[in-house]
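See structure below.
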Amino acid sequence: MLPKGTRDLLPDDMAKRKYIVNAITEVFEQHAFRQIETPAIELNKTLSGKYGEEGDRLMFKVLPRGEKLNSLANQSIEFIKSNIEEALRYDLTVPFARMVVDQRNHINLPFKRYQIQNVWRADRPQKGRFREFTQCDADVVGPAGIIQEAELLHIYHRSFHTLNIPVEIRLNHRSLLQGLAELAGASDKLVAFTIGLDKLDKIGWNGVEEEWRQAGIPDIQPEVKELLLTKGTLEKLLPILEKALESIPSAKRGLLELRQLSSILSNAPLGNTALKLDLSLARGLNYYTGCIFEVSALGADMGSIGGGGRYDDLTGIFGWKDLSGVGISFGLDRIQLVMEQLNSFPNDIGLNAEVLFANMDEASSIIGFKLAQELRSKGMRCEVYPVAAKMKKQIDFAVKSNIPFLVILGENERLNQEVTLRNLATGEQSSFSQNDLYEKLK
RNA sequence: GUGAUUGUAGCUCAGUUGGUUAGAGCGCUAGUUUGUGGCACUAGAGGUCGCCGGUUCGAACCCGGUCUUUCACCCCA
């Protein structure tokens, strides 16, 4: 029995996850990100209020214990809620911001860190959604340059390319959304405007208009609608936007930054990864202020497998004003599911033993144990069957464990100082001196 | 948080309008085979029918509640 939305991870799962994590880690490290970890529990006041109302609802709170709990016995729910001291990490970004401020004397700007840890959300589980899951984040804080956004996009590209997952990265910019809202006459209703627009893929244009109508946003002019519905590459769309938003001051930053990004990427392109400018991309987290990204796997039935963006002042709430940060996140669990769907994993991924020493009797198994130690010291993975069970049982175990070779060492072999080596795939076997075992296996 | 959906052996699932002792396949254990796997045959173990309550002479089956699974919405990785 497990709490809902949690899973046991079996050896095959772990092998797959390790494979993914290794690929991503290598890319992070090539880009000079360095790994950190932060505690699973944070102070409630550190986390609450940082993720909007929805986030507060989904955060796992830690109940006080002992006397503190007793003292809450007759209090109101509201009072109890306000006295909760600890909560489980909800994402990796806010704890990172907290750490940057706490550890400001021990870090060096620009500070690039990566972090691969579990986070917890008290959501209702469904496809690709768990209550305990793993995020792989790379963020940089310090002097802000659009070159960082370009770098992060390359990290996405290279990681997913290595993992053999075809992806599409969708890109947008908060200031563009603001400019568009202004153009649409909804500048005072930016949130409702973007939330509605974000649903375009799901509910279609008419649905979006309906949502806007309910939020009191005036009808959209046809030319603005056309603009909002346009999707395409940065190169193609940017000139159109530059023209349309020319006179809107709030869009200026977005246009400038995307123009810079475009020139960087035209010199160092993202290979076969599709980058699309998608004006309907909003992303919920309310601290994003610049570029925003979202990654989805092509040909897989799964939501986004990664996302991120720039936040100009995340550390401000912890007492360090105007420190800019930009980061991305990989959803490990969803990536694993997508790779299973798309058959993207190589075959030889699980690290099984390469050799099993059958156990025929105690005297022989002592020699087998010694030989196994010798093979291990030469880098070979092997194991000795622990008891003198029936051969059938031992072979069965080897086959089911995907162990390709069986060493048989019983009384006959022992007396001749030999071993018998059986190839379990072909059934071929031969006997030779114990001294030759490594040579024959390698 | 909203709306559906699922729960019977280790796994996948049957189970008649409510009626005696709840079944199958696969898997597992043992044997046919005392040192050789995938096949075959034989035998065996394994179930408070998710849980609590109700209706009934009688409930796996009907009703209520609850937990769980899966899915969609919300939101997100």
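Chain lettering (A, B, ...) mirrors the order of the structure tokens, residue numbering begins at 1 for each chain separately, and ligand numbering begins at 1 in order of display.
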**OP:** With a cut-off of 10 Å and counting only C-alpha atoms (C1' of nucleotides), select all residues of chain A in contact with chain B and give the selection as a ChimeraX atom specification.
**Re:** /A:1-4,54-55,57-58,91,119,121,123-130,133-136,283-285,303-307,329-335,360,390-400,408-412,422,424-425,427
**OP:** Take CA of Ala244 in chain A and CA of Ser263 in chain A and report the distance between them in Å, one decimal.
**Re:** 20.3 Å
Subject >> Members of range 175-355 of chain A assigned strand (DSSP E or B) by DSSP, as JSON, numbers by chain >> reply: {"A": [231, 232, 274, 275, 276, 277, 278, 291, 292, 293, 294, 295, 296, 297, 306, 307, 308, 309, 310, 311, 325, 326, 327, 328, 329, 330, 331, 355]}
**OP:** Go through A:Asp188, A:Glu340, A:Asp278, A:Glu246 one by one, measure the shortest atom-to-atom distance of each to Cys291 in chain A using only C-alpha atoms, and give the residue with the smallest value.
**Re:**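 Checking each candidate against Cys291 in chain A, we get A:Asp278 as the closest.
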**OP:** Please measure the separation of CA of His173 in chain A and CA of Gly290 in chain A, giving the value in Å to one decimal.
**Re:**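 Value for the CA of His173 in chain A-CA of Gly290 in chain A distance: 5.3 Å.
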Original post:
Which residues, written as a list in words, have at least one atom at most 12 Å from U17 in chain B, with only C-alpha atoms (C1' of nucleotides) counted and residues fewer than 2 positions away on the same chain left out?
Top reply: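 Contacts, in chain order: G19, C61 and C62 of chain B.
Proximity to U12 in chain B at 12 Å, evaluated using only C-alpha atoms (C1' of nucleotides) and with sequence-adjacent residues fewer than 6 positions away removed, yields A24, G25, C26 and G27 of chain B.
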Original post:
So, counting only C-alpha atoms (C1' of nucleotides), which residue among B:A30, B:A4, B:C39, B:C67 is closest to C51 in chain B?
Top reply: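 For C51 in chain B, the nearest of the candidates is B:C67.
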**OP:** Fewer than 2 positions away in the same chain doesn't count, so skip those; otherwise give me all residues within 12 Å of U29 in chain B, counting only C-alpha atoms (C1' of nucleotides), as a list in words.
**Re:**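 The filter keeps Lys393 of chain A; G27, G31, A43, G44, A45 and G46 of chain B.
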Residues from the last selection, N, CA and C atoms (P, O5', C5', C4', C3', O3' and C1' of nucleotides), saved as a JSON list (two decimals), in the first residue's frame:
```json
[["chain", "number", "residue", "atom", "x", "y", "z"],
["A", 393, "LYS", "N", 16.91, -24.54, -11.02],
["A", 393, "LYS", "CA", 16.51, -23.33, -10.34],
["A", 393, "LYS", "C", 17.53, -22.21, -10.56],
["B", 27, "G", "P", 3.65, -19.73, -16.92],
["B", 27, "G", "O5'", 3.87, -18.95, -15.56],
["B", 27, "G", "C5'", 4.60, -17.73, -15.54],
["B", 27, "G", "C4'", 4.55, -17.10, -14.16],
["B", 27, "G", "C3'", 5.11, -17.97, -13.04],
["B", 27, "G", "O3'", 6.52, -17.85, -12.94],
["B", 27, "G", "C1'", 3.01, -17.10, -12.39],
["B", 31, "G", "P", 11.49, -31.55, -5.77],
["B", 31, "G", "O5'", 10.65, -32.57, -6.66],
["B", 31, "G", "C5'", 10.25, -33.82, -6.11],
["B", 31, "G", "C4'", 9.25, -34.49, -6.98],
["B", 31, "G", "C3'", 9.76, -35.01, -8.33],
["B", 31, "G", "O3'", 10.48, -36.21, -8.18],
["B", 31, "G", "C1'", 7.65, -33.98, -8.61],
["B", 43, "A", "P", -3.47, -33.96, -11.43],
["B", 43, "A", "O5'", -2.76, -33.57, -10.06],
["B", 43, "A", "C5'", -2.67, -34.52, -9.00],
["B", 43, "A", "C4'", -1.71, -34.03, -7.95],
["B", 43, "A", "C3'", -2.09, -32.75, -7.23],
["B", 43, "A", "O3'", -3.06, -32.95, -6.22],
["B", 43, "A", "C1'", 0.19, -32.66, -7.83],
["B", 44, "G", "P", -4.05, -31.78, -5.84],
["B", 44, "G", "O5'", -3.10, -30.76, -5.08],
["B", 44, "G", "C5'", -2.46, -31.14, -3.86],
["B", 44, "G", "C4'", -1.44, -30.10, -3.45],
["B", 44, "G", "C3'", -1.99, -28.71, -3.15],
["B", 44, "G", "O3'", -2.54, -28.63, -1.85],
["B", 44, "G", "C1'", -0.04, -28.53, -4.49],
["B", 45, "A", "P", -3.66, -27.57, -1.52],
["B", 45, "A", "O5'", -2.79, -26.26, -1.19],
["B", 45, "A", "C5'", -1.83, -26.29, -0.13],
["B", 45, "A", "C4'", -0.93, -25.08, -0.24],
["B", 45, "A", "C3'", -1.66, -23.74, -0.22],
["B", 45, "A", "O3'", -1.88, -23.30, 1.11],
["B", 45, "A", "C1'", -0.11, -23.79, -2.02],
["B", 46, "G", "P", -3.24, -22.60, 1.47],
["B", 46, "G", "O5'", -3.16, -21.25, 0.64],
["B", 46, "G", "C5'", -2.18, -20.25, 0.98],
["B", 46, "G", "C4'", -2.13, -19.21, -0.10],
["B", 46, "G", "C3'", -3.46, -18.49, -0.36],
["B", 46, "G", "O3'", -3.62, -17.40, 0.54],
["B", 46, "G", "C1'", -2.50, -19.18, -2.42]]
```
